[in-house]
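*Asks:* The following file, model-v1.txt, comprises compact mmCIF, C-alpha atoms and all ligand atoms:
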# COMPACT_ATOMS: atom_id res chain seq x y z
CA MET A 1 110.76 81.31 63.99
CA ASP A 2 107.44 81.18 65.80
CA ALA A 3 106.20 82.50 69.16
CA ILE A 4 105.05 79.12 70.46
CA SER A 5 108.52 77.57 70.30
CA VAL A 6 110.01 80.58 72.14
CA ILE A 7 107.32 80.37 74.84
CA ARG A 8 107.85 76.60 75.21
CA ALA A 9 111.61 77.00 75.54
CA LYS A 10 111.26 79.40 78.49
CA ARG A 11 108.26 77.57 79.97
CA ASP A 12 110.41 74.43 80.18
CA GLY A 13 113.21 76.27 81.98
CA GLY A 14 115.59 76.66 79.05
CA ARG A 15 117.67 79.63 77.86
CA LEU A 16 116.47 81.78 74.98
CA THR A 17 118.96 82.11 72.13
CA ASP A 18 120.04 85.52 70.82
CA GLY A 19 118.07 84.79 67.64
CA GLN A 20 114.89 83.95 69.57
CA ILE A 21 115.17 87.12 71.66
CA ASP A 22 115.82 89.42 68.70
CA TRP A 23 112.98 87.87 66.75
CA ILE A 24 110.32 87.95 69.48
CA ILE A 25 111.01 91.55 70.53
CA ASP A 26 110.96 92.76 66.93
CA ALA A 27 107.87 90.73 65.98
CA TYR A 28 106.00 91.87 69.12
CA THR A 29 106.82 95.54 68.45
CA ARG A 30 105.49 95.16 64.89
CA GLY A 31 102.29 93.49 66.13
CA GLU A 32 103.11 90.12 64.61
CA VAL A 33 103.27 88.39 68.00
CA ALA A 34 99.95 88.73 69.87
CA ASP A 35 99.58 90.19 73.37
CA GLU A 36 98.41 86.82 74.71
CA GLN A 37 101.59 85.15 73.42
CA MET A 38 103.82 87.84 74.91
CA SER A 39 101.87 87.55 78.20
CA ALA A 40 102.62 83.83 78.29
CA LEU A 41 106.31 84.47 77.62
CA ALA A 42 106.44 87.23 80.28
CA MET A 43 104.92 84.81 82.80
CA ALA A 44 107.44 82.10 81.81
CA ILE A 45 110.28 84.63 82.34
CA PHE A 46 108.70 85.72 85.63
CA LEU A 47 108.65 82.10 86.84
CA ASN A 48 111.92 80.78 85.36
CA GLY A 49 114.08 83.92 85.16
CA MET A 50 116.80 84.77 82.65
CA ASP A 51 120.58 84.64 83.00
CA ARG A 52 122.78 87.74 82.63
CA ALA A 53 123.50 87.09 78.92
CA GLU A 54 119.79 86.69 78.14
CA ILE A 55 118.95 89.89 80.04
CA ALA A 56 121.67 91.78 78.14
CA ARG A 57 120.38 90.56 74.78
CA TRP A 58 116.73 91.26 75.73
CA THR A 59 117.70 94.82 76.75
CA ALA A 60 119.68 95.37 73.52
CA ALA A 61 116.71 94.15 71.46
CA MET A 62 114.36 96.56 73.28
CA ILE A 63 116.78 99.45 72.65
CA ALA A 64 116.96 98.47 68.96
CA SER A 65 113.14 98.52 68.72
CA GLY A 66 113.21 102.34 68.49
CA GLU A 67 115.30 105.48 68.14
CA ARG A 68 118.24 106.62 70.24
CA MET A 69 118.78 110.17 71.48
CA ASP A 70 122.12 111.92 71.61
CA PHE A 71 123.13 114.75 73.91
CA ALA A 72 126.75 114.89 72.75
CA ALA A 73 126.26 118.40 71.32
CA LEU A 74 125.31 119.88 74.71
CA PRO A 75 128.02 121.94 76.42
CA ARG A 76 127.24 120.28 79.80
CA ARG A 77 127.66 116.65 80.86
CA THR A 78 124.36 114.82 81.25
CA ALA A 79 123.18 112.95 84.35
CA ASP A 80 119.85 111.28 84.94
CA LYS A 81 118.27 109.37 87.79
CA HIS A 82 115.64 106.66 87.85
CA SER A 83 113.67 105.35 90.78
CA THR A 84 112.24 101.85 90.67
CA GLY A 85 109.02 103.30 92.10
CA GLY A 86 107.67 104.10 95.52
CA VAL A 87 105.06 105.94 97.60
CA GLY A 88 105.48 109.69 98.11
CA ASP A 89 108.55 109.53 95.86
CA LYS A 90 108.61 113.10 94.61
CA ILE A 91 112.42 113.30 94.55
CA THR A 92 112.75 113.94 90.79
CA LEU A 93 110.91 117.26 91.19
CA PRO A 94 113.48 119.04 93.39
CA LEU A 95 116.41 116.91 92.17
CA ALA A 96 116.40 117.78 88.45
CA PRO A 97 116.56 121.58 88.89
CA LEU A 98 118.98 121.19 91.81
CA VAL A 99 121.49 119.19 89.75
CA ALA A 100 121.07 121.62 86.85
CA ALA A 101 121.82 124.50 89.23
CA CYS A 102 125.09 122.72 90.07
CA GLY A 103 126.21 122.56 86.43
CA ALA A 104 125.06 119.23 84.93
CA ALA A 105 122.36 118.82 82.26
CA VAL A 106 119.42 116.66 83.41
CA PRO A 107 117.27 115.12 80.65
CA GLN A 108 114.68 113.49 82.86
CA LEU A 109 112.31 111.32 80.84
CA SER A 110 109.65 110.28 83.32
CA GLY A 111 106.51 108.19 83.54
CA ARG A 112 102.99 108.22 84.89
CA GLY A 113 101.79 106.35 87.94
CA LEU A 114 100.13 103.00 87.59
CA GLY A 115 98.99 100.99 90.58
CA HIS A 116 100.02 102.12 94.06
CA THR A 117 103.17 104.04 93.00
CA GLY A 118 102.86 107.63 91.84
CA GLY A 119 104.19 109.07 88.59
CA THR A 120 106.31 112.20 88.18
CA LEU A 121 104.34 113.43 85.15
CA ASP A 122 100.99 113.13 86.96
CA LYS A 123 102.42 115.17 89.83
CA LEU A 124 103.75 117.95 87.60
CA GLU A 125 100.52 118.09 85.59
CA SER A 126 98.79 119.45 88.67
CA ILE A 127 100.66 122.72 87.99
CA PRO A 128 98.31 124.82 85.80
CA GLY A 129 99.51 124.94 82.18
CA TRP A 130 102.49 122.54 82.57
CA ARG A 131 103.02 120.23 79.59
CA ALA A 132 104.62 116.76 79.75
CA LEU A 133 104.53 116.14 76.01
CA LEU A 134 107.37 117.96 74.26
CA SER A 135 108.78 117.44 70.79
CA ASN A 136 112.44 116.39 70.67
CA GLU A 137 113.32 119.95 69.57
CA GLU A 138 111.42 121.50 72.51
CA MET A 139 113.05 119.09 74.92
CA MET A 140 116.53 119.99 73.65
CA ARG A 141 115.70 123.70 73.82
CA VAL A 142 114.52 123.54 77.48
CA LEU A 143 117.53 121.39 78.37
CA GLY A 144 119.88 123.86 76.69
CA ASP A 145 118.23 127.00 78.14
CA VAL A 146 117.48 125.80 81.69
CA GLY A 147 119.76 122.78 82.19
CA SER A 148 116.94 120.42 83.19
CA VAL A 149 113.78 119.12 81.59
CA ILE A 150 111.22 116.62 82.89
CA CYS A 151 108.99 115.21 80.18
CA ALA A 152 107.37 112.11 78.73
CA ALA A 153 109.51 109.80 76.62
CA GLY A 154 108.58 110.15 72.93
CA ASP A 155 106.79 107.25 71.22
CA GLY A 156 109.95 106.37 69.29
CA LEU A 157 112.04 105.54 72.39
CA ALA A 158 112.07 101.79 73.25
CA PRO A 159 108.56 101.15 71.85
CA ALA A 160 108.91 97.45 72.73
CA ASP A 161 109.06 98.43 76.41
CA LYS A 162 106.00 100.68 76.11
CA LYS A 163 103.90 97.75 74.87
CA LEU A 164 105.44 95.20 77.17
CA TYR A 165 105.21 97.32 80.33
CA ALA A 166 101.49 97.98 79.77
CA LEU A 167 100.99 94.23 79.24
CA ARG A 168 102.98 93.25 82.35
CA ASP A 169 100.96 95.67 84.42
CA VAL A 170 97.74 93.76 83.72
CA THR A 171 99.19 90.22 83.75
CA GLY A 172 100.88 90.12 87.17
CA THR A 173 104.38 90.07 85.67
CA VAL A 174 105.85 93.36 86.91
CA GLU A 175 107.91 92.12 89.86
CA SER A 176 110.55 90.24 87.88
CA ILE A 177 114.22 91.23 88.04
CA PRO A 178 115.02 90.49 84.35
CA LEU A 179 111.88 92.30 83.18
CA ILE A 180 112.29 95.34 85.45
CA ALA A 181 116.02 95.70 84.72
CA SER A 182 115.59 95.47 80.94
CA SER A 183 112.55 97.79 80.99
CA ILE A 184 114.30 100.57 82.91
CA MET A 185 117.71 100.24 81.28
CA SER A 186 116.45 100.01 77.68
CA LYS A 187 114.76 103.42 78.11
CA LYS A 188 117.71 105.01 79.88
CA ILE A 189 120.32 103.71 77.43
CA ALA A 190 118.19 104.73 74.41
CA GLU A 191 117.75 108.17 75.99
CA GLY A 192 121.51 108.71 75.67
CA THR A 193 122.41 110.01 79.13
CA GLY A 194 126.12 109.91 79.98
CA ALA A 195 125.59 109.09 83.65
CA LEU A 196 122.74 107.41 85.50
CA VAL A 197 121.97 107.12 89.19
CA LEU A 198 119.47 104.41 90.11
CA ASP A 199 117.35 104.71 93.23
CA VAL A 200 116.44 101.10 93.94
CA LYS A 201 113.62 101.04 96.49
CA VAL A 202 113.30 98.31 99.11
CA GLY A 203 110.30 97.61 101.33
CA SER A 204 106.53 97.16 101.35
CA GLY A 205 105.88 100.11 99.00
CA ALA A 206 108.49 98.95 96.45
CA PHE A 207 108.49 96.20 93.83
CA MET A 208 111.46 94.61 95.65
CA LYS A 209 110.37 93.75 99.18
CA ASP A 210 113.73 92.56 100.56
CA LEU A 211 117.33 93.75 100.44
CA ALA A 212 118.73 90.66 98.68
CA ALA A 213 116.31 91.00 95.74
CA ALA A 214 116.93 94.76 95.54
CA ARG A 215 120.71 94.16 95.51
CA GLU A 216 120.36 91.71 92.65
CA LEU A 217 118.18 94.16 90.69
CA ALA A 218 120.69 96.97 91.31
CA ALA A 219 123.68 94.85 90.23
CA THR A 220 121.85 93.73 87.08
CA MET A 221 121.01 97.31 86.08
CA VAL A 222 124.47 98.67 86.88
CA GLY A 223 125.98 95.89 84.73
CA LEU A 224 123.68 96.71 81.80
CA GLY A 225 124.42 100.44 81.98
CA THR A 226 128.17 99.93 82.28
CA ASP A 227 128.21 97.53 79.31
CA HIS A 228 126.56 100.25 77.21
CA GLY A 229 129.03 102.95 78.24
CA VAL A 230 126.71 104.73 80.71
CA ARG A 231 128.39 105.55 84.06
CA THR A 232 125.78 103.86 86.28
CA VAL A 233 125.57 103.72 90.07
CA ALA A 234 122.78 102.54 92.35
CA LEU A 235 121.63 103.46 95.85
CA LEU A 236 119.38 101.11 97.80
CA THR A 237 116.83 103.20 99.70
CA ASP A 238 114.06 102.54 102.18
CA MET A 239 110.44 102.27 101.03
CA SER A 240 108.87 100.72 104.13
CA THR A 241 107.10 104.02 104.86
CA PRO A 242 106.20 106.86 102.44
CA LEU A 243 108.86 109.43 101.60
CA GLY A 244 108.09 112.79 103.16
CA ARG A 245 104.67 113.67 104.46
CA THR A 246 102.51 113.48 101.34
CA ALA A 247 101.44 110.93 98.73
CA GLY A 248 99.41 112.42 95.90
CA ASN A 249 99.95 114.74 92.96
CA ALA A 250 99.50 118.42 93.93
CA LEU A 251 100.29 117.49 97.55
CA GLU A 252 103.72 116.24 96.48
CA VAL A 253 104.39 119.27 94.27
CA ARG A 254 103.74 121.49 97.28
CA GLU A 255 106.19 119.49 99.38
CA SER A 256 108.82 119.58 96.61
CA VAL A 257 108.56 123.37 96.43
CA GLU A 258 109.09 123.49 100.20
CA VAL A 259 112.33 121.53 99.71
CA LEU A 260 113.45 123.90 96.96
CA ALA A 261 112.69 126.81 99.29
CA GLY A 262 115.15 125.37 101.83
CA GLY A 263 112.60 123.57 104.05
CA GLY A 264 110.60 120.36 103.61
CA PRO A 265 110.73 116.99 105.37
CA ALA A 266 114.18 115.81 106.49
CA ASP A 267 113.99 112.45 104.65
CA VAL A 268 113.14 114.10 101.32
CA VAL A 269 115.98 116.61 101.74
CA GLU A 270 118.43 113.86 102.73
CA LEU A 271 117.60 111.63 99.76
CA THR A 272 117.52 114.53 97.29
CA LEU A 273 121.01 115.60 98.39
CA ALA A 274 122.38 112.04 98.39
CA LEU A 275 121.15 111.42 94.83
CA ALA A 276 122.32 114.87 93.68
CA ARG A 277 125.85 114.16 94.97
CA GLU A 278 125.92 110.81 93.14
CA MET A 279 124.66 112.41 89.91
CA LEU A 280 127.18 115.24 90.08
CA ASP A 281 130.00 112.85 90.84
CA ALA A 282 129.00 110.59 87.92
CA ALA A 283 128.82 113.66 85.67
CA GLY A 284 132.38 114.64 86.59
CA LEU A 285 131.41 117.49 88.96
CA PRO A 286 132.47 116.08 92.36
CA ASP A 287 133.16 119.51 93.87
CA ALA A 288 129.66 120.93 93.24
CA ASP A 289 127.73 121.68 96.44
CA PRO A 290 124.03 120.80 96.13
CA ALA A 291 123.26 121.78 99.76
CA ARG A 292 124.42 125.28 98.93
CA ALA A 293 122.30 125.39 95.74
CA LEU A 294 119.24 124.55 97.86
CA ALA A 295 120.12 127.17 100.48
CA ASP A 296 121.03 130.04 98.12
CA GLY A 297 117.87 129.83 95.97
CA SER A 298 119.60 128.79 92.73
CA ALA A 299 117.80 125.41 92.66
CA MET A 300 114.46 127.22 93.13
CA ASP A 301 115.38 129.61 90.34
CA HIS A 302 116.02 126.65 88.00
CA TRP A 303 112.72 125.03 89.05
CA ARG A 304 110.76 128.20 88.20
CA ARG A 305 112.47 128.51 84.83
CA MET A 306 111.94 124.82 84.03
CA ILE A 307 108.22 124.95 84.90
CA SER A 308 107.69 128.17 82.90
CA ALA A 309 109.61 126.80 79.89
CA GLN A 310 107.14 123.90 79.79
CA GLY A 311 104.08 126.21 79.90
CA GLY A 312 103.45 126.03 83.65
CA ASP A 313 102.86 128.89 86.07
CA PRO A 314 105.12 128.36 89.10
CA ASP A 315 103.10 130.96 91.06
CA ALA A 316 99.64 129.53 90.34
CA PRO A 317 97.80 128.08 93.35
CA LEU A 318 97.87 124.29 93.29
CA PRO A 319 94.57 122.36 93.11
CA VAL A 320 93.05 121.32 96.44
CA ALA A 321 90.68 118.35 96.80
CA ARG A 322 87.07 119.20 97.63
CA GLU A 323 86.80 116.90 100.69
CA GLN A 324 89.05 115.88 103.58
CA HIS A 325 88.78 113.12 106.16
CA VAL A 326 91.01 112.98 109.23
CA VAL A 327 92.29 109.64 110.60
CA THR A 328 93.34 109.86 114.24
CA ALA A 329 96.05 107.97 116.13
CA PRO A 330 94.60 104.76 117.61
CA ALA A 331 96.71 105.01 120.82
CA SER A 332 99.26 107.22 122.55
CA GLY A 333 102.91 106.27 122.24
CA VAL A 334 105.66 105.92 119.63
CA LEU A 335 104.66 105.40 116.00
CA THR A 336 106.66 102.35 114.90
CA ALA A 337 105.05 101.63 111.50
CA LEU A 338 103.12 103.53 108.85
CA ASP A 339 103.08 101.14 105.92
CA ALA A 340 104.10 102.54 102.54
CA TYR A 341 102.08 100.08 100.46
CA ALA A 342 98.89 100.74 102.44
CA VAL A 343 99.28 104.52 102.12
CA GLY A 344 100.02 104.13 98.37
CA VAL A 345 96.89 102.07 97.83
CA ALA A 346 94.81 104.52 99.89
CA ALA A 347 96.08 107.49 97.80
CA TRP A 348 95.37 105.56 94.63
CA ARG A 349 91.82 104.70 95.77
CA LEU A 350 91.20 108.34 96.67
CA GLY A 351 91.88 109.22 93.01
CA ALA A 352 95.60 110.09 92.94
CA GLY A 353 96.38 107.08 90.73
CA ARG A 354 94.68 105.21 87.94
CA ALA A 355 93.45 101.65 87.59
CA ARG A 356 93.75 101.67 83.80
CA LYS A 357 96.18 103.57 81.57
CA GLU A 358 93.47 105.82 80.17
CA ASP A 359 91.90 106.84 83.52
CA PRO A 360 92.24 110.50 84.61
CA VAL A 361 93.85 111.29 87.97
CA GLN A 362 92.64 113.81 90.54
CA ALA A 363 95.23 116.54 91.06
CA GLY A 364 94.25 117.21 94.69
CA ALA A 365 93.73 113.63 95.90
CA GLY A 366 96.08 111.81 98.24
CA VAL A 367 97.19 111.26 101.80
CA GLU A 368 98.92 113.70 104.13
CA LEU A 369 100.95 112.26 107.03
CA HIS A 370 101.01 114.18 110.31
CA ALA A 371 103.56 111.84 111.91
CA LYS A 372 106.37 109.56 110.74
CA PRO A 373 107.79 106.41 112.35
CA GLY A 374 109.75 107.42 115.43
CA ASP A 375 107.41 110.32 116.29
CA THR A 376 105.33 110.41 119.45
CA VAL A 377 101.58 110.38 118.78
CA THR A 378 98.56 111.01 121.01
CA ALA A 379 95.36 108.95 120.86
CA GLY A 380 92.60 110.87 119.07
CA GLU A 381 94.97 113.44 117.51
CA PRO A 382 95.22 113.67 113.68
CA LEU A 383 97.57 111.08 112.16
CA LEU A 384 96.58 111.23 108.47
CA THR A 385 94.37 113.47 106.34
CA LEU A 386 92.77 111.87 103.29
CA HIS A 387 92.01 114.21 100.36
CA THR A 388 89.62 113.52 97.47
CA ASP A 389 87.02 115.02 95.13
CA THR A 390 85.03 111.78 95.42
CA PRO A 391 84.15 111.37 99.14
CA GLU A 392 82.27 108.15 98.42
CA LYS A 393 85.79 106.66 98.12
CA PHE A 394 86.72 107.39 101.76
CA ASP A 395 85.57 103.99 103.06
CA TYR A 396 87.40 102.17 100.28
CA ALA A 397 90.61 104.11 101.04
CA LEU A 398 90.21 103.56 104.80
CA ALA A 399 89.97 99.81 104.20
CA ALA A 400 93.43 99.92 102.58
CA LEU A 401 94.81 101.45 105.77
CA ASP A 402 93.61 98.59 107.97
CA GLY A 403 96.61 97.35 109.96
CA ALA A 404 98.95 99.97 108.43
CA VAL A 405 99.67 101.78 111.69
CA GLU A 406 101.54 100.45 114.72
CA VAL A 407 101.96 102.41 117.95
CA ALA A 408 104.21 101.14 120.76
CA ALA A 409 103.98 102.09 124.45
CA PRO A 410 105.12 105.63 125.34
CA GLY A 411 108.88 105.82 125.85
CA THR A 412 109.63 102.75 123.68
CA ASP A 413 113.12 102.96 122.24
CA PHE A 414 112.64 102.88 118.44
CA THR A 415 114.99 103.94 115.65
CA PRO A 416 113.40 104.34 112.22
CA SER A 417 115.16 102.79 109.22
CA PRO A 418 117.78 105.02 107.58
CA ILE A 419 116.77 106.38 104.16
CA VAL A 420 119.89 105.28 102.32
CA LEU A 421 120.42 101.57 103.08
CA ASP A 422 123.45 100.92 100.88
N1 LIG A 501 109.78 101.05 86.04
C1 LIG A 501 109.93 100.71 84.72
O1 LIG A 501 110.16 101.58 83.88
N2 LIG A 501 109.81 99.43 84.38
C2 LIG A 501 109.55 98.44 85.27
O2 LIG A 501 109.47 97.29 84.89
C3 LIG A 501 109.39 98.78 86.63
C4 LIG A 501 109.51 100.11 87.00
Go ahead and express the file in the form of C-alpha cells.

*Replies:*
Amino acid sequence: MDAISVIRAKRDGGRLTDGQIDWIIDAYTRGEVADEQMSALAMAIFLNGMDRAEIARWTAAMIASGERMDFAALPRRTADKHSTGGVGDKITLPLAPLVAACGAAVPQLSGRGLGHTGGTLDKLESIPGWRALLSNEEMMRVLGDVGSVICAAGDGLAPADKKLYALRDVTGTVESIPLIASSIMSKKIAEGTGALVLDVKVGSGAFMKDLAAARELAATMVGLGTDHGVRTVALLTDMSTPLGRTAGNALEVRESVEVLAGGGPADVVELTLALAREMLDAAGLPDADPARALADGSAMDHWRRMISAQGGDPDAPLPVAREQHVVTAPASGVLTALDAYAVGVAAWRLGAGRARKEDPVQAGAGVELHAKPGDTVTAGEPLLTLHTDTPEKFDYALAALDGAVEVAAPGTDFTPSPIVLD
C-alpha cells in the first residue's frame, strides 16, 4: 500500500476501501505517511466527501490508533457532552458539576481553543492553581470522589486524531462533515462514556453555518455513537450570536460561577439545563431535577470540590485584563444582530485565543456584551467592553467587529432565535 494511491483514489472521487483506510490511519500515526500527504488526502476528503461506511471505518481506525478507557467499575452511570464549538460556549463549566450533583458521573475530556472558538481547558486554567493535565489514576480518583472531572485527553487516546486535527487546522480542512464527525466520535468512543449528548452548533460562530449541514453532522455522529454502543443524542443549538454575555477565559469562568450560584444569563441557564436533562435521561436518571440542583447549591458545591481536587482555588480572584476599551451602540433602537463569528475573532485577537498551538493565551482577555439581540440600546451607551493586556491589539480587534452590529428603528418587532433549534 502507498499513500499516493490512496490520495489519488479520493482525489478522483472514488471510495476508500477498508484496507486503504486502516493502512493510512495507522501509517500516519506511526509517522510513515508525511503531513503533506495526509494534508492532500484531507483536502480530497473535504472536497469529495465520504459515505457512511467510509466514515464508520475511518472512525474505527482512529479509535484503534490508541488506548480505550473503561468506566465500568464506577458505581455511577457515565454521561458526557461535546459541543462542536462556538463563541462564549462556557456550558461545560456549570454543566459537568450540575450533572454530577444529580447522580451521574461526568468524565469530561476537553480541548483548548484554536481559531475563533474558545476552549474549556483555557478557560479553567484562568483559575489559579487549576491543572488540566491529570494522570489516568488522578482522573479516576476525582471522578470517583466528586462525580465530575474536566481534563485534557491523555496522549494515548485517539492519537491519530490529535495529529490530524492539528494538521486540518492549518490546511483549511476543518469544516468537513466526515472529518469533524470522525474526529469528535473517535475521542468520545475511545473515552468509554456510556452516554453522550452532542451540542451541534449552527450559525456564523459555528463550523456548520446552516441547519441542513448541522442536521447531517448530527445524524452522522449519532449513528457512529449508536453503532459503538454509546447512547448518543444531539441537540441543534443557535450560534448566530455569542452564548451569554462574555467571550474570553476568566470572563467566562466568572459567568459560569454566576450560573452555578443561581443567576447568570438566561440563554446560558436554558442551554445548561436542556443539556443536563438530556445527559441525565441518557444516563438512566430521567427523574433527576437539574433546576433544583442549581437552586439548592448542590451544583455549586460539586464545582468547588471539582476545582479544588484539580489543584485550583475556587475562592481566588480571577485574573483581570490590564486595559479596557468600550464600544458604544451606533444608534438607538432594537439590537437585531451581534455576530458570533465577529465577536469570537475579536476575543481571539485581543489575546483570548491562540494563532498557533504553542501560543499562550491571556486569562483576562475577551469581549463583554452589554446587550443581546432583542434588547433596546441607546446611541452612545456601552454595547461591548474589550479586555486585553496588549492594548496595541484594540484596533485589530475593532476591525473584526466591523459590520457585526445591527440596530433597527425603536419599537421594531424582533424575536431573537431560540437557543435550542431542534
Ligand atoms: N472538534 C473536534 O474535536 N474535532 C473537529 O473536527 C471539530 C471540532

*Asks:* Once you count only C-alpha atoms and all ligand atoms, which residues end up within 10 Å of ligand LIG 501 (chain A), and could you hand them over as a PyMOL selection string?

*Replies:* chain A and resi 82-86+110-114+117+161-162+164-166+168-169+173-188+200+206-207

*Asks:* Could you jot down the atom CA of Ala190 of chain A to atom CA of Ala234 of chain A separation for me, Å, one decimal place?

*Replies:*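 Atom-to-atom, atom CA of Ala190 of chain A to atom CA of Ala234 of chain A, that is 18.6 Å.
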
*Asks:* Tell me, as a PyMOL selection string, which residues lie within 9 Å of Leu167 of chain A, counting all atoms listed in the file; anything in the same chain fewer than 5 positions away does not count.

*Replies:* chain A and resi 35+38-39+42+162+172-173

*Asks:* Filtering to C-alpha atoms, could you give me those residues as an mmCIF file, keeping the file's coordinate frame?

*Replies:*
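Just written: selection-v6.cif:
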data_model
loop_
_atom_site.group_PDB
_atom_site.id
_atom_site.type_symbol
_atom_site.label_atom_id
_atom_site.label_comp_id
_atom_site.auth_asym_id
_atom_site.auth_seq_id
_atom_site.Cartn_x
_atom_site.Cartn_y
_atom_site.Cartn_z
ATOM 1 C CA ASP A 35 99.580 90.190 73.370
ATOM 2 C CA MET A 38 103.820 87.840 74.910
ATOM 3 C CA SER A 39 101.870 87.550 78.200
ATOM 4 C CA ALA A 42 106.440 87.230 80.280
ATOM 5 C CA LYS A 162 106.000 100.680 76.110
ATOM 6 C CA GLY A 172 100.880 90.120 87.170
ATOM 7 C CA THR A 173 104.380 90.070 85.670
#

*Asks:* What is the distance between atom CA of Pro265 of chain A and atom CA of Gly366 of chain A, in Å to one decimal?

*Replies:*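 We find that atom CA of Pro265 of chain A and atom CA of Gly366 of chain A lie 17.1 Å from each other.
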
*Asks:* Give me, as a ChimeraX atom specification, all polymer residues having an atom no more than 8 Å from Pro97 of chain A, counting only C-alpha atoms and skipping those fewer than 3 positions away in the same chain.

*Replies:* /A:93-94,100-101,106,147-148,299-300,302-303,306

*Asks:* Counting only C-alpha atoms, what is within 9 Å of Gly411 of chain A, bar same-chain residues fewer than 3 positions away, as a ChimeraX atom specification?

*Replies:* /A:333-334,376,408,414

*Asks:* So which one's closest to Thr17 of chain A, A:Arg292, A:Arg354, A:Arg57, A:Lys90? Using only C-alpha atoms, please.

*Replies:*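 Smallest separation from Thr17 of chain A among the options: A:Arg57.
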
*Asks:* In Å, rounded to a single decimal, give me how far atom CA of Leu211 of chain A is from atom CA of Val420 of chain A.

*Replies:*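 One can read the atom CA of Val420 of chain A to atom CA of Leu211 of chain A distance as 12.0 Å.
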
*Asks:* Of the residues A:Val343, A:Leu109, A:Leu260, A:Leu98, which is the one nearest to Thr241 of chain A, using all atoms listed in the file?

*Replies:*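 Ranking A:Val343, A:Leu109, A:Leu260, A:Leu98 by distance to Thr241 of chain A, first place goes to A:Val343.
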
*Asks:* Nearest residue to Asp2 of chain A out of A:Ala321, A:Ala61, A:Leu143, A:Ala34, using all atoms listed in the file?

*Replies:*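 Closest candidate: A:Ala34.
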
*Asks:* Need to verify the contact set: Asp313 of chain A, 10 Å, all atoms listed in the file, exclusion of same-chain residues closer than 2 positions in sequence. Can you return it as a PyMOL selection string?

*Replies:* chain A and resi 127-130+304-305+307-311+315-318

*Asks:* For segment 292-329 of chain A versus segment 395-398 of chain A, which residues have an atom no more than 12 Å away, and what is each residue's nearest atom pair and distance in Å rounded to one decimal, using only C-alpha atoms, chain-then-number order, as a Markdown table?

*Replies:*
| residue | atom | partner | partner_atom | distance |
| --- | --- | --- | --- | --- |
| A:His325 | CA | A:Leu398 | CA | 9.8 |
| A:Val326 | CA | A:Leu398 | CA | 10.4 |
| A:Val327 | CA | A:Leu398 | CA | 8.7 |
| A:Thr328 | CA | A:Leu398 | CA | 11.8 |

*Asks:* Could you pull the residues within 12 Å of Ala152 of chain A, counting only C-alpha atoms, minus those fewer than 4 positions along the same chain, as an MDAnalysis selection string?

*Replies:* chainID A and resid 107:112 119:122 124:125 131:136 138:139 156:157 162 187 191 310

*Asks:* Which residue gives the smallest distance to Arg30 of chain A among A:Ala160, A:Ala379, A:Ala96, A:Ala337, with all atoms listed in the file counted?

*Replies:*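 Of all the options, A:Ala160 lies closest to Arg30 of chain A.
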
*Asks:* Restricting the calculation to all atoms listed in the file: of A:Ala329, A:Ala247, A:Ala288, A:Ala363, which residue gets closest to Asp375 of chain A?

*Replies:*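 When distances to Asp375 of chain A are compared using all atoms listed in the file, the smallest one comes from A:Ala329.
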
*Asks:* Let me make sure I understand: among A:Lys10, A:Ile21, A:Leu217, A:Leu401, which one has the smallest atom-to-atom distance to Phe46 of chain A if we use only C-alpha atoms?

*Replies:* A:Lys10

*Asks:* The residues within 8 Å of (102.2, 103.8, 112.9), using only C-alpha atoms and the coordinates of the file, should be reported as a list in words; which are they?

*Replies:*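 So the residues meeting the distance criterion are Val334, Leu335, Thr336, Ala337, Leu338, Asp339, Lys372, Pro373, Ala404, Val405, Glu406 and Val407 of chain A.
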
*Asks:* Take the residues just selected and output them with C-alpha atoms as a PDB file, in the coordinates of the input.

*Replies:*
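Below is the file selection04.pdb, written as the result:
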ATOM      1  CA  VAL A 334     105.660 105.920 119.630  1.00  0.00           C
ATOM      2  CA  LEU A 335     104.660 105.400 116.000  1.00  0.00           C
ATOM      3  CA  THR A 336     106.660 102.350 114.900  1.00  0.00           C
ATOM      4  CA  ALA A 337     105.050 101.630 111.500  1.00  0.00           C
ATOM      5  CA  LEU A 338     103.120 103.530 108.850  1.00  0.00           C
ATOM      6  CA  ASP A 339     103.080 101.140 105.920  1.00  0.00           C
ATOM      7  CA  LYS A 372     106.370 109.560 110.740  1.00  0.00           C
ATOM      8  CA  PRO A 373     107.790 106.410 112.350  1.00  0.00           C
ATOM      9  CA  ALA A 404      98.950  99.970 108.430  1.00  0.00           C
ATOM     10  CA  VAL A 405      99.670 101.780 111.690  1.00  0.00           C
ATOM     11  CA  GLU A 406     101.540 100.450 114.720  1.00  0.00           C
ATOM     12  CA  VAL A 407     101.960 102.410 117.950  1.00  0.00           C
TER      13      VAL A 407
END
